[in-house]
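The file run13.pdb comes next; it holds PDB, C-alpha atoms.
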```
ATOM      1  CA  MET I1017     131.272  93.247  80.113
ATOM      2  CA  ILE I1018     129.605  89.870  80.626
ATOM      3  CA  LEU I1019     129.954  88.420  84.125
ATOM      4  CA  SER I1020     131.589  85.044  84.642
ATOM      5  CA  ASN I1021     129.884  82.501  86.887
ATOM      6  CA  SER I1022     132.195  83.361  89.800
ATOM      7  CA  GLU I1023     131.406  87.096  89.401
ATOM      8  CA  ILE I1024     127.683  86.292  89.269
ATOM      9  CA  LEU I1025     128.028  84.424  92.545
ATOM     10  CA  LYS I1026     129.968  87.301  94.134
ATOM     11  CA  ALA I1027     127.198  89.720  93.115
ATOM     12  CA  PHE I1028     124.629  87.366  94.709
ATOM     13  CA  ASN I1029     126.595  87.215  97.935
ATOM     14  CA  LYS I1030     126.852  91.017  98.113
ATOM     15  CA  GLY I1031     123.139  91.479  97.411
ATOM     16  CA  HIS I1032     123.825  93.351  94.179
ATOM     17  CA  ILE I1033     121.845  90.763  92.221
ATOM     18  CA  ILE I1034     118.970  88.935  93.896
ATOM     19  CA  ILE I1035     117.510  85.727  92.466
ATOM     20  CA  ASP I1036     114.737  84.068  94.443
ATOM     21  CA  PRO I1037     114.798  81.121  94.904
ATOM     22  CA  LEU I1038     118.569  81.072  94.829
ATOM     23  CA  PRO I1039     119.950  78.687  92.196
ATOM     24  CA  ASP I1040     121.955  75.639  93.214
ATOM     25  CA  ILE I1041     125.711  75.733  93.061
ATOM     26  CA  PRO I1042     127.238  72.680  91.350
ATOM     27  CA  SER I1043     128.429  69.962  93.686
ATOM     28  CA  LEU I1044     128.652  66.183  93.880
ATOM     29  CA  ASP I1045     125.232  66.200  95.552
ATOM     30  CA  LYS I1046     123.640  68.539  93.041
ATOM     31  CA  SER I1047     125.088  68.170  89.593
ATOM     32  CA  ASP I1048     122.305  69.872  87.604
ATOM     33  CA  SER I1049     123.440  73.379  88.429
ATOM     34  CA  ALA I1050     121.893  76.456  86.849
ATOM     35  CA  PHE I1051     125.330  78.038  86.422
ATOM     36  CA  ASN I1052     127.034  78.043  83.029
ATOM     37  CA  THR I1053     130.404  79.670  82.389
ATOM     38  CA  THR I1054     128.890  83.082  81.655
ATOM     39  CA  SER I1055     125.177  82.706  82.306
ATOM     40  CA  LEU I1056     122.577  81.400  84.704
ATOM     41  CA  ASP I1057     119.687  79.194  83.640
ATOM     42  CA  LEU I1058     116.208  80.049  84.903
ATOM     43  CA  ARG I1059     113.257  77.706  85.218
ATOM     44  CA  LEU I1060     109.754  77.829  83.810
ATOM     45  CA  GLY I1061     107.049  78.817  86.271
ATOM     46  CA  ASP I1062     103.746  76.977  86.511
ATOM     47  CA  SER I1063     101.401  79.519  84.937
ATOM     48  CA  LEU I1064     100.531  80.250  81.334
ATOM     49  CA  SER I1065      98.559  82.989  79.667
ATOM     50  CA  ILE I1066      96.920  81.725  76.482
ATOM     51  CA  PRO I1067      95.248  83.881  73.823
ATOM     52  CA  LYS I1068      91.527  83.107  73.608
ATOM     53  CA  LYS I1069      90.531  81.645  70.261
ATOM     54  CA  ASP I1070      88.455  83.191  67.497
ATOM     55  CA  GLN I1071      88.572  86.793  68.586
ATOM     56  CA  PRO I1072      88.482  89.115  65.595
ATOM     57  CA  PHE I1073      90.009  92.328  66.875
ATOM     58  CA  ALA I1074      93.091  94.466  66.376
ATOM     59  CA  TYR I1075      95.353  95.855  69.075
ATOM     60  CA  ASP I1076      95.266  99.620  68.657
ATOM     61  CA  LEU I1077      98.582 100.785  70.070
ATOM     62  CA  ARG I1078      97.361 104.403  70.322
ATOM     63  CA  LYS I1079      94.308 103.495  72.346
ATOM     64  CA  GLY I1080      94.677 103.476  76.133
ATOM     65  CA  GLY I1081      93.984 100.555  78.452
ATOM     66  CA  ILE I1082      95.842  97.807  76.622
ATOM     67  CA  ALA I1083      96.776  96.002  79.859
ATOM     68  CA  SER I1084      93.203  95.274  80.919
ATOM     69  CA  PHE I1085      92.287  94.499  77.285
ATOM     70  CA  LEU I1086      95.085  91.911  77.126
ATOM     71  CA  GLN I1087      93.822  90.368  80.348
ATOM     72  CA  LYS I1088      90.351  90.004  78.871
ATOM     73  CA  THR I1089      91.616  88.424  75.647
ATOM     74  CA  HIS I1090      93.803  85.805  77.365
ATOM     75  CA  GLU I1091      93.061  83.042  79.824
ATOM     76  CA  THR I1092      95.381  81.993  82.625
ATOM     77  CA  CYS I1093      96.027  78.362  83.426
ATOM     78  CA  ARG I1094      98.464  76.288  85.430
ATOM     79  CA  ILE I1095     100.792  73.823  83.734
ATOM     80  CA  ASP I1096     100.073  70.292  84.864
ATOM     81  CA  ASN I1097     103.166  68.901  86.550
ATOM     82  CA  ASN I1098     102.481  65.402  85.244
ATOM     83  CA  GLY I1099     100.966  65.927  81.817
ATOM     84  CA  GLY I1100     102.752  69.173  81.025
ATOM     85  CA  TYR I1101     101.487  71.665  78.458
ATOM     86  CA  THR I1102     101.562  70.900  74.747
ATOM     87  CA  LEU I1103     102.452  73.800  72.502
ATOM     88  CA  GLU I1104     101.341  72.995  68.986
ATOM     89  CA  PRO I1105     103.316  74.169  65.942
ATOM     90  CA  GLY I1106     102.673  77.814  65.119
ATOM     91  CA  LYS I1107     101.120  78.569  68.515
ATOM     92  CA  PHE I1108     102.091  81.280  70.962
ATOM     93  CA  VAL I1109     101.618  81.504  74.744
ATOM     94  CA  LEU I1110     103.013  83.636  77.542
ATOM     95  CA  SER I1111     104.632  82.275  80.657
ATOM     96  CA  ARG I1112     106.992  83.416  83.390
ATOM     97  CA  THR I1113     110.166  82.307  85.052
ATOM     98  CA  MET I1114     109.881  80.505  88.368
ATOM     99  CA  GLU I1115     112.577  82.790  89.783
ATOM    100  CA  LYS I1116     112.095  86.400  90.779
ATOM    101  CA  VAL I1117     114.932  88.614  89.624
ATOM    102  CA  HIS I1118     115.929  91.882  91.272
ATOM    103  CA  PHE I1119     118.638  94.287  90.147
ATOM    104  CA  PRO I1120     118.683  96.979  92.838
ATOM    105  CA  ILE I1121     120.004 100.373  91.811
ATOM    106  CA  ILE I1122     122.754 101.066  94.302
ATOM    107  CA  GLN I1123     123.751 104.724  94.488
ATOM    108  CA  GLY I1124     127.518 104.974  94.512
ATOM    109  CA  GLY I1125     127.829 101.227  94.089
ATOM    110  CA  PRO I1126     127.691  98.765  91.257
ATOM    111  CA  SER I1127     124.412  98.121  89.487
ATOM    112  CA  TYR I1128     123.696  95.266  87.153
ATOM    113  CA  GLY I1129     121.381  94.398  84.297
ATOM    114  CA  ALA I1130     120.962  91.268  82.203
ATOM    115  CA  ARG I1131     119.770  89.906  78.912
ATOM    116  CA  VAL I1132     117.446  86.965  78.684
ATOM    117  CA  GLU I1133     118.267  84.426  76.019
ATOM    118  CA  GLY I1134     116.871  81.112  74.889
ATOM    119  CA  ARG I1135     118.745  77.853  75.052
ATOM    120  CA  SER I1136     120.372  76.402  71.943
ATOM    121  CA  SER I1137     118.981  72.944  72.662
ATOM    122  CA  TYR I1138     115.415  74.276  72.457
ATOM    123  CA  ALA I1139     116.222  76.322  69.371
ATOM    124  CA  ARG I1140     116.962  73.075  67.563
ATOM    125  CA  ILE I1141     113.371  71.930  68.026
ATOM    126  CA  GLY I1142     111.961  75.287  67.026
ATOM    127  CA  LEU I1143     111.068  76.704  70.438
ATOM    128  CA  LEU I1144     111.472  80.448  70.847
ATOM    129  CA  VAL I1145     111.271  81.479  74.516
ATOM    130  CA  HIS I1146     111.768  85.239  74.379
ATOM    131  CA  PHE I1147     111.761  87.926  71.740
ATOM    132  CA  THR I1148     111.818  91.666  71.036
ATOM    133  CA  ALA I1149     112.974  93.003  74.406
ATOM    134  CA  PRO I1150     115.692  90.857  75.977
ATOM    135  CA  THR I1151     117.145  93.462  78.312
ATOM    136  CA  ILE I1152     116.349  93.274  82.017
ATOM    137  CA  HIS I1153     117.228  96.765  83.137
ATOM    138  CA  ALA I1154     118.837  97.853  86.388
ATOM    139  CA  GLY I1155     116.066  98.448  88.907
ATOM    140  CA  PHE I1156     113.904  95.595  87.610
ATOM    141  CA  ASN I1157     112.190  93.521  90.264
ATOM    142  CA  GLY I1158     109.944  90.619  89.336
ATOM    143  CA  THR I1159     109.575  87.461  87.334
ATOM    144  CA  ILE I1160     110.546  87.545  83.663
ATOM    145  CA  THR I1161     107.742  87.158  81.154
ATOM    146  CA  LEU I1162     108.515  84.619  78.449
ATOM    147  CA  GLU I1163     106.980  84.567  74.989
ATOM    148  CA  LEU I1164     106.861  80.915  73.992
ATOM    149  CA  MET I1165     106.435  80.262  70.287
ATOM    150  CA  ASN I1166     106.683  76.934  68.529
ATOM    151  CA  PHE I1167     108.311  77.475  65.145
ATOM    152  CA  GLY I1168     108.962  73.760  64.669
ATOM    153  CA  ASN I1169     106.931  71.157  62.812
ATOM    154  CA  ASN I1170     106.097  69.081  65.884
ATOM    155  CA  SER I1171     104.350  69.640  69.199
ATOM    156  CA  ILE I1172     106.507  70.532  72.200
ATOM    157  CA  ILE I1173     105.529  69.475  75.718
ATOM    158  CA  PHE I1174     106.950  71.436  78.604
ATOM    159  CA  TYR I1175     106.660  71.210  82.361
ATOM    160  CA  PRO I1176     107.021  73.624  85.284
ATOM    161  CA  GLY I1177     110.544  73.738  86.674
ATOM    162  CA  ILE I1178     112.428  72.898  83.470
ATOM    163  CA  TYR I1179     115.360  75.151  82.639
ATOM    164  CA  ILE I1180     113.808  77.336  79.953
ATOM    165  CA  CYS I1181     116.038  80.367  79.416
ATOM    166  CA  GLN I1182     119.326  81.874  80.507
ATOM    167  CA  LEU I1183     120.375  85.236  81.862
ATOM    168  CA  ILE I1184     123.560  86.943  80.694
ATOM    169  CA  PHE I1185     124.593  89.456  83.379
ATOM    170  CA  GLU I1186     126.311  92.748  82.716
ATOM    171  CA  LYS I1187     127.699  95.397  85.023
ATOM    172  CA  VAL I1188     126.357  98.909  84.441
ATOM    173  CA  CYS I1189     129.063 101.444  83.678
ATOM    174  CA  GLY I1190     128.479 104.846  85.313
ATOM    175  CA  GLU I1191     125.897 106.163  87.738
ATOM    176  CA  ILE I1192     122.192 105.799  86.991
ATOM    177  CA  VAL I1193     120.372 109.136  87.247
ATOM    178  CA  PHE I1194     116.702 110.080  87.238
ATOM    179  CA  THR I1195     116.225 113.807  87.700
ATOM    180  CA  GLN I1196     116.949 116.653  85.296
ATOM    181  CA  SER I1197     119.602 118.109  87.578
ATOM    182  CA  GLN I1198     121.427 114.808  87.648
ATOM    183  CA  PHE I1199     121.932 114.957  83.886
ATOM    184  CA  GLN I1200     124.158 117.980  84.623
ATOM    185  CA  GLY I1201     123.013 120.251  81.815
ATOM    186  CA  GLN I1202     123.095 117.668  79.059
ATOM    187  CA  THR I1203     120.559 118.578  76.402
ATOM    188  CA  THR I1204     120.985 115.695  74.002
ATOM    189  CA  PRO I1205     121.336 111.956  74.494
ATOM    190  CA  GLU I1206     124.939 112.382  73.377
ATOM    191  CA  GLY I1207     125.494 114.883  76.210
ATOM    192  CA  LYS I1208     126.109 117.904  73.940
TER     193      LYS I1208
ATOM    194  CA  MET K 164     120.282 111.652  94.734
ATOM    195  CA  GLU K 165     117.683 108.926  94.685
ATOM    196  CA  PRO K 166     114.266 109.696  93.219
ATOM    197  CA  GLN K 167     111.480 110.079  95.738
ATOM    198  CA  GLU K 168     109.174 107.123  96.018
ATOM    199  CA  GLY K 169     105.486 107.884  95.699
ATOM    200  CA  TRP K 170     102.138 106.428  94.755
ATOM    201  CA  LEU K 171      99.960 107.163  91.751
ATOM    202  CA  LYS K 172      96.188 106.879  91.738
ATOM    203  CA  CYS K 173      95.192 104.309  89.144
ATOM    204  CA  GLN K 174      92.663 101.683  88.233
ATOM    205  CA  VAL K 175      93.809  98.217  89.265
ATOM    206  CA  SER K 176      92.369  95.056  87.769
ATOM    207  CA  GLU K 177      93.332  91.417  87.371
ATOM    208  CA  GLY K 178      96.507  90.724  85.340
ATOM    209  CA  MET K 179      97.479  87.955  82.947
ATOM    210  CA  PHE K 180      99.171  85.863  85.637
ATOM    211  CA  PRO K 181      98.573  85.125  89.331
ATOM    212  CA  GLU K 182      99.936  87.880  91.621
ATOM    213  CA  GLU K 183     100.043  90.281  88.670
ATOM    214  CA  TYR K 184      97.774  93.270  88.099
ATOM    215  CA  ALA K 185      96.772  95.381  85.122
ATOM    216  CA  VAL K 186      97.300  99.044  86.002
ATOM    217  CA  GLN K 187      95.580 101.881  84.137
ATOM    218  CA  CYS K 188      96.510 105.532  84.740
ATOM    219  CA  ASN K 189      95.738 108.965  83.331
ATOM    220  CA  SER K 190      98.484 111.158  81.952
ATOM    221  CA  GLU K 191      98.463 114.939  82.288
ATOM    222  CA  ASN K 192      97.010 115.440  78.777
ATOM    223  CA  GLY K 193      94.172 112.986  79.415
ATOM    224  CA  ASP K 194      95.645 110.019  77.573
ATOM    225  CA  ILE K 195      95.336 106.653  79.265
ATOM    226  CA  PHE K 196      98.405 104.468  79.716
ATOM    227  CA  SER K 197      98.634 101.002  81.212
ATOM    228  CA  PHE K 198     101.089  98.310  82.224
ATOM    229  CA  PHE K 199     101.333  95.127  84.255
ATOM    230  CA  ALA K 200     102.868  95.124  87.731
ATOM    231  CA  PRO K 201     103.430  92.497  90.428
ATOM    232  CA  SER K 202     101.562  92.716  93.718
ATOM    233  CA  GLU K 203     104.420  94.387  95.643
ATOM    234  CA  TYR K 204     103.933  97.543  93.539
ATOM    235  CA  ILE K 205     100.181  97.705  94.127
ATOM    236  CA  ASP K 206      97.857  98.865  96.892
ATOM    237  CA  ILE K 207      94.751  97.163  95.620
ATOM    238  CA  GLU K 208      92.410  98.545  98.292
ATOM    239  CA  LYS K 209      93.353 102.148  97.565
ATOM    240  CA  ASN K 210      93.940 101.699  93.801
ATOM    241  CA  LEU K 211      97.518 102.931  93.946
ATOM    242  CA  VAL K 212     100.705 101.938  92.150
ATOM    243  CA  LYS K 213     104.214 102.606  93.413
ATOM    244  CA  ILE K 214     106.152 105.076  91.232
ATOM    245  CA  ASN K 215     109.175 107.385  91.457
ATOM    246  CA  ILE K 216     108.589 111.137  91.590
ATOM    247  CA  MET K 217     111.094 113.030  89.463
ATOM    248  CA  GLN K 218     109.819 116.626  89.388
ATOM    249  CA  SER K 219     106.647 118.589  90.008
ATOM    250  CA  LYS K 220     105.565 122.082  88.992
ATOM    251  CA  ASN K 221     102.277 123.897  88.330
ATOM    252  CA  ASN K 222     100.008 120.962  89.196
ATOM    253  CA  VAL K 223     101.958 118.623  86.918
ATOM    254  CA  CYS K 224     104.217 115.851  88.140
ATOM    255  CA  LEU K 225     106.880 114.028  86.161
ATOM    256  CA  ILE K 226     107.050 110.420  87.291
ATOM    257  CA  TYR K 227     108.959 107.250  86.424
ATOM    258  CA  VAL K 228     106.682 104.239  86.239
ATOM    259  CA  PRO K 229     108.008 100.821  87.327
ATOM    260  CA  PHE K 230     107.215  98.997  84.065
ATOM    261  CA  VAL K 231     107.051 100.013  80.422
ATOM    262  CA  PRO K 232     103.558 101.172  79.380
ATOM    263  CA  LEU K 233     101.968  99.109  76.613
ATOM    264  CA  GLU K 234     100.606 102.042  74.648
ATOM    265  CA  GLY K 235     102.695 103.138  71.684
ATOM    266  CA  GLY K 236     104.732 106.265  72.222
ATOM    267  CA  VAL K 237     104.435 106.301  76.017
ATOM    268  CA  SER K 238     107.772 106.042  77.799
ATOM    269  CA  ARG K 239     108.470 105.177  81.425
ATOM    270  CA  THR K 240     108.768 108.892  82.159
ATOM    271  CA  VAL K 241     105.249 110.305  82.149
ATOM    272  CA  LYS K 242     103.642 113.633  83.075
ATOM    273  CA  VAL K 243     100.601 113.117  85.301
ATOM    274  CA  PRO K 244      98.286 115.475  87.216
ATOM    275  CA  LEU K 245      99.873 116.347  90.569
ATOM    276  CA  ARG K 246      96.558 115.658  92.320
ATOM    277  CA  ASN K 247      96.918 111.975  91.343
ATOM    278  CA  VAL K 248     100.293 111.604  93.074
ATOM    279  CA  ILE K 249     100.726 111.051  96.776
ATOM    280  CA  SER K 250     104.098 110.903  98.435
ATOM    281  CA  GLN K 251     102.982 108.544 101.180
ATOM    282  CA  ARG K 252     100.097 106.150 101.548
TER     283      ARG K 252
END
```
Transcribe the structure of this file into structure tokens.
Amino acid sequence: MILSNSEILKAFNKGHIIIDPLPDIPSLDKSDSAFNTTSLDLRLGDSLSIPKKDQPFAYDLRKGGIASFLQKTHETCRIDNNGGYTLEPGKFVLSRTMEKVHFPIIQGGPSYGARVEGRSSYARIGLLVHFTAPTIHAGFNGTITLELMNFGNNSIIFYPGIYICQLIFEKVCGEIVFTQSQFQGQTTPEGK
Amino acid sequence: MEPQEGWLKCQVSEGMFPEEYAVQCNSENGDIFSFFAPSEYIDIEKNLVKINIMQSKNNVCLIYVPFVPLEGGVSRTVKVPLRNVISQR
């Protein structure tokens, strides 16, 4: 079940969901709140990872050491707060959320997960912010990597701190187990 | 029952973002798997990554790694040599 904004806030207050820095709650002083009715907007961090140009190679998914290979084939840069970063049509870069997200696994208590989604306003200009694996699983602790792709016909300029994506929170049903004994004799994913 | 926290010997190098590291480890059958992890999961001086220990038997340890490995077919549950796992730093 998707959490409402008031349930999201309750989970924050109980430490069941940790977002750092904590998003603003809407008020007369602070009207640009990150809270929607059933989601929370997250902001773009200030770093980008850009594929280096003109590198004729193929990623071999059976070959080990992809992480360090990816590092070598990308360059990291900071987004200029004034000039921003221009993503040309058809180009792809990686970035991260400004916020760190933590879903602690609480034995005997509620655990939460989330799905990261784009924003409809950006979809209209052709900006994809995340694809393939939207689920942030219970136990996750870190910033969320964003895959920014410009599918539009025009350049898009973005800046650190803009609301870039949204998280849809869900409560995990049932206890999360790790060890064989905790699966209580189940031999198939269906528990047969 | 919570899984036991432990550390896995690995090769740590620079990641794709600040405060992120590329982690490369050896599985029990000799295959190499790798993933990215933030600094709080890494002991860079000792080349260790924080993992969860699920089971161990006959010099093999079943572990749960904190992030999904990038190599095709490798899940977050991986068998590694027991000698590469330490329960405490």
Show me a table, sorted first by chain and then by increasing residue number, of the residues of chain I having an atom at most 12 Å from chain K, each with its shortest atom pair and the distance in Å to one decimal, counting only C-alpha atoms and written as CSV.
```
residue,atom,partner,partner_atom,distance
I:Gly1061,CA,K:Phe180,CA,10.6
I:Asp1062,CA,K:Phe180,CA,10.0
I:Ser1063,CA,K:Phe180,CA,6.8
I:Leu1064,CA,K:Phe180,CA,7.2
I:Ser1065,CA,K:Met179,CA,6.0
I:Ile1066,CA,K:Met179,CA,9.0
I:Pro1067,CA,K:Met179,CA,10.2
I:Tyr1075,CA,K:Glu234,CA,9.8
I:Asp1076,CA,K:Glu234,CA,8.4
I:Leu1077,CA,K:Gly235,CA,5.0
I:Arg1078,CA,K:Gly235,CA,5.6
I:Lys1079,CA,K:Glu234,CA,6.9
I:Gly1080,CA,K:Ile195,CA,4.5
I:Gly1081,CA,K:Ser197,CA,5.4
I:Ile1082,CA,K:Ser197,CA,6.3
I:Ala1083,CA,K:Ala185,CA,5.3
I:Ser1084,CA,K:Ala185,CA,5.5
I:Phe1085,CA,K:Ala185,CA,9.1
I:Leu1086,CA,K:Met179,CA,7.4
I:Gln1087,CA,K:Met179,CA,5.1
I:Lys1088,CA,K:Met179,CA,8.5
I:Thr1089,CA,K:Met179,CA,9.4
I:His1090,CA,K:Met179,CA,7.0
I:Glu1091,CA,K:Met179,CA,7.3
I:Thr1092,CA,K:Phe180,CA,6.2
I:Cys1093,CA,K:Phe180,CA,8.4
I:Arg1094,CA,K:Phe180,CA,9.6
I:Val1109,CA,K:Met179,CA,11.2
I:Leu1110,CA,K:Met179,CA,8.9
I:Ser1111,CA,K:Phe180,CA,8.2
I:Arg1112,CA,K:Phe180,CA,8.5
I:Thr1113,CA,K:Phe180,CA,11.6
I:Lys1116,CA,K:Pro201,CA,10.6
I:Ile1121,CA,K:Glu165,CA,9.3
I:Ile1122,CA,K:Glu165,CA,9.4
I:Gln1123,CA,K:Glu165,CA,7.4
I:Gly1124,CA,K:Met164,CA,9.8
I:Ala1149,CA,K:Val231,CA,11.0
I:Ile1152,CA,K:Phe230,CA,11.0
I:His1153,CA,K:Phe230,CA,10.3
I:Ala1154,CA,K:Pro229,CA,11.3
I:Gly1155,CA,K:Pro229,CA,8.5
I:Phe1156,CA,K:Pro229,CA,7.9
I:Asn1157,CA,K:Pro201,CA,8.8
I:Gly1158,CA,K:Pro201,CA,6.9
I:Thr1159,CA,K:Pro201,CA,8.5
I:Ile1160,CA,K:Pro201,CA,11.0
I:Thr1161,CA,K:Phe180,CA,9.8
I:Leu1162,CA,K:Phe180,CA,11.9
I:Glu1191,CA,K:Met164,CA,10.5
I:Ile1192,CA,K:Glu165,CA,9.5
I:Val1193,CA,K:Met164,CA,7.9
I:Phe1194,CA,K:Pro166,CA,6.5
I:Thr1195,CA,K:Met217,CA,5.5
I:Gln1196,CA,K:Met217,CA,8.0
I:Ser1197,CA,K:Met164,CA,9.7
I:Gln1198,CA,K:Met164,CA,7.8
I:Phe1199,CA,K:Met164,CA,11.5
```
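Residues matched by the PyMOL selection byres ((chain K and resi 208) around 12) in this structure: Lys172, Cys173, Gln174, Val175, Ser176, Ser202, Ile205, Asp206, Ile207, Lys209, Asn210, Leu211, Val212 and Arg252 of chain K.
Here CA of Phe1174 (chain I) is placed at a distance of 25.7 Å from CA of His1118 (chain I).
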Review point. Using all atoms listed in the file, which residues sit within 12 Å of Asn192 (chain K) once same-chain residues fewer than 4 positions away are excluded, as a ChimeraX atom specification?
Key: /K:188,196,223-224,241-244
Point to revise | the PyMOL selection byres ((chain I and resi 1040) around 7) resolved against shown file, as a PyMOL selection string | key: chain I and resi 1038-1039+1041-1042+1049-1050
Could you list the residues chosen by the PyMOL selection byres ((chain I and resi 1100) around 10) in this structure as a PDB file with C-alpha atoms, keeping the file's coordinate frame?
```
ATOM      1  CA  ASP I1062     103.746  76.977  86.511  1.00  0.00           C
ATOM      2  CA  ARG I1094      98.464  76.288  85.430  1.00  0.00           C
ATOM      3  CA  ILE I1095     100.792  73.823  83.734  1.00  0.00           C
ATOM      4  CA  ASP I1096     100.073  70.292  84.864  1.00  0.00           C
ATOM      5  CA  ASN I1097     103.166  68.901  86.550  1.00  0.00           C
ATOM      6  CA  ASN I1098     102.481  65.402  85.244  1.00  0.00           C
ATOM      7  CA  GLY I1099     100.966  65.927  81.817  1.00  0.00           C
ATOM      8  CA  TYR I1101     101.487  71.665  78.458  1.00  0.00           C
ATOM      9  CA  THR I1102     101.562  70.900  74.747  1.00  0.00           C
ATOM     10  CA  LEU I1103     102.452  73.800  72.502  1.00  0.00           C
ATOM     11  CA  ILE I1172     106.507  70.532  72.200  1.00  0.00           C
ATOM     12  CA  ILE I1173     105.529  69.475  75.718  1.00  0.00           C
ATOM     13  CA  PHE I1174     106.950  71.436  78.604  1.00  0.00           C
ATOM     14  CA  TYR I1175     106.660  71.210  82.361  1.00  0.00           C
ATOM     15  CA  PRO I1176     107.021  73.624  85.284  1.00  0.00           C
TER      16      PRO I1176
END
```
**Study point:** Asn222 (chain K) surroundings by all atoms listed in the file, 10 Å radius, close-in-sequence under 3 positions cut, as an NGL selection string
**Key:** :K and (191 or 219 or 243-247)
Check your understanding: Quick one, how far is CA of Phe1167 (chain I) from CA of Lys1107 (chain I)?
Key ->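 Between CA of Phe1167 (chain I) and CA of Lys1107 (chain I) the gap is 8.0 Å.
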Review point. At a cut-off of 9 Å from (123.2, 86.2, 84.4) in the coordinates of the file, what residues are picked up using all atoms listed in the file, written as a PyMOL selection string?
Key: chain I and resi 1018-1021+1024+1051+1054-1057+1129-1132+1182-1186
Exercise for review: Give me, please, the distance in Å between CA of Met1114 (chain I) and CA of His1146 (chain I), quoted to one decimal.
Suggested key: 14.9 Å
Box for region 1114-1118 of chain I - axis-aligned, 6 Å on each of the six sides, all listed atoms - centre and size in Å to one decimal, as AutoDock Vina command-line options.
```
--center_x 112.9 --center_y 86.2 --center_z 89.8 --size_x 18.0 --size_y 23.4 --size_z 14.9
```
Exercise for review: Extract, using only C-alpha atoms, all DNA, RNA and protein residues at most 7 Å from Ile1034 (chain I), discarding same-chain residues fewer than 3 positions from it, and format them as a list in words.
Suggested key: Phe1028, Gly1031, Val1117, His1118 and Phe1119 of chain I
Preceding selection exported with C-alpha atoms as a PDB file, in the frame of the given file:
```
ATOM      1  CA  PHE I1028     124.629  87.366  94.709  1.00  0.00           C
ATOM      2  CA  GLY I1031     123.139  91.479  97.411  1.00  0.00           C
ATOM      3  CA  VAL I1117     114.932  88.614  89.624  1.00  0.00           C
ATOM      4  CA  HIS I1118     115.929  91.882  91.272  1.00  0.00           C
ATOM      5  CA  PHE I1119     118.638  94.287  90.147  1.00  0.00           C
TER       6      PHE I1119
END
```
Point to revise | Counting only C-alpha atoms, the option among I:Gln1071, I:Ile1180, I:Glu1104, I:Glu1133 closest to Met1165 (chain I) | key: I:Glu1104
How about completing region 1100-1112 of chain I with N, CA and C atoms and giving it to me as an mmCIF file, in the coordinates of the input?
```cif
data_model
loop_
_atom_site.group_PDB
_atom_site.id
_atom_site.type_symbol
_atom_site.label_atom_id
_atom_site.label_comp_id
_atom_site.auth_asym_id
_atom_site.auth_seq_id
_atom_site.Cartn_x
_atom_site.Cartn_y
_atom_site.Cartn_z
ATOM 1 N N GLY I 1100 102.095 68.060 81.697
ATOM 2 C CA GLY I 1100 102.752 69.173 81.025
ATOM 3 C C GLY I 1100 101.783 69.981 80.170
ATOM 4 N N TYR I 1101 102.309 70.878 79.384
ATOM 5 C CA TYR I 1101 101.487 71.665 78.458
ATOM 6 C C TYR I 1101 102.035 71.435 77.051
ATOM 7 N N THR I 1102 101.146 71.160 76.129
ATOM 8 C CA THR I 1102 101.562 70.900 74.747
ATOM 9 C C THR I 1102 101.381 72.166 73.911
ATOM 10 N N LEU I 1103 102.486 72.638 73.396
ATOM 11 C CA LEU I 1103 102.452 73.800 72.502
ATOM 12 C C LEU I 1103 102.519 73.290 71.063
ATOM 13 N N GLU I 1104 101.419 73.502 70.360
ATOM 14 C CA GLU I 1104 101.341 72.995 68.986
ATOM 15 C C GLU I 1104 102.155 73.893 68.045
ATOM 16 N N PRO I 1105 102.560 73.356 66.901
ATOM 17 C CA PRO I 1105 103.316 74.169 65.942
ATOM 18 C C PRO I 1105 102.559 75.450 65.563
ATOM 19 N N GLY I 1106 103.268 76.543 65.506
ATOM 20 C CA GLY I 1106 102.673 77.814 65.119
ATOM 21 C C GLY I 1106 101.919 78.525 66.221
ATOM 22 N N LYS I 1107 101.883 77.954 67.419
ATOM 23 C CA LYS I 1107 101.120 78.569 68.515
ATOM 24 C C LYS I 1107 102.022 79.382 69.438
ATOM 25 N N PHE I 1108 101.386 80.310 70.121
ATOM 26 C CA PHE I 1108 102.091 81.280 70.962
ATOM 27 C C PHE I 1108 101.394 81.389 72.315
ATOM 28 N N VAL I 1109 102.155 81.282 73.392
ATOM 29 C CA VAL I 1109 101.618 81.504 74.744
ATOM 30 C C VAL I 1109 102.620 82.323 75.546
ATOM 31 N N LEU I 1110 102.134 82.913 76.624
ATOM 32 C CA LEU I 1110 103.013 83.636 77.542
ATOM 33 C C LEU I 1110 103.209 82.810 78.796
ATOM 34 N N SER I 1111 104.392 82.894 79.362
ATOM 35 C CA SER I 1111 104.632 82.275 80.657
ATOM 36 C C SER I 1111 105.619 83.146 81.436
ATOM 37 N N ARG I 1112 106.064 82.643 82.559
ATOM 38 C CA ARG I 1112 106.992 83.416 83.390
ATOM 39 C C ARG I 1112 108.055 82.491 83.960
#
```
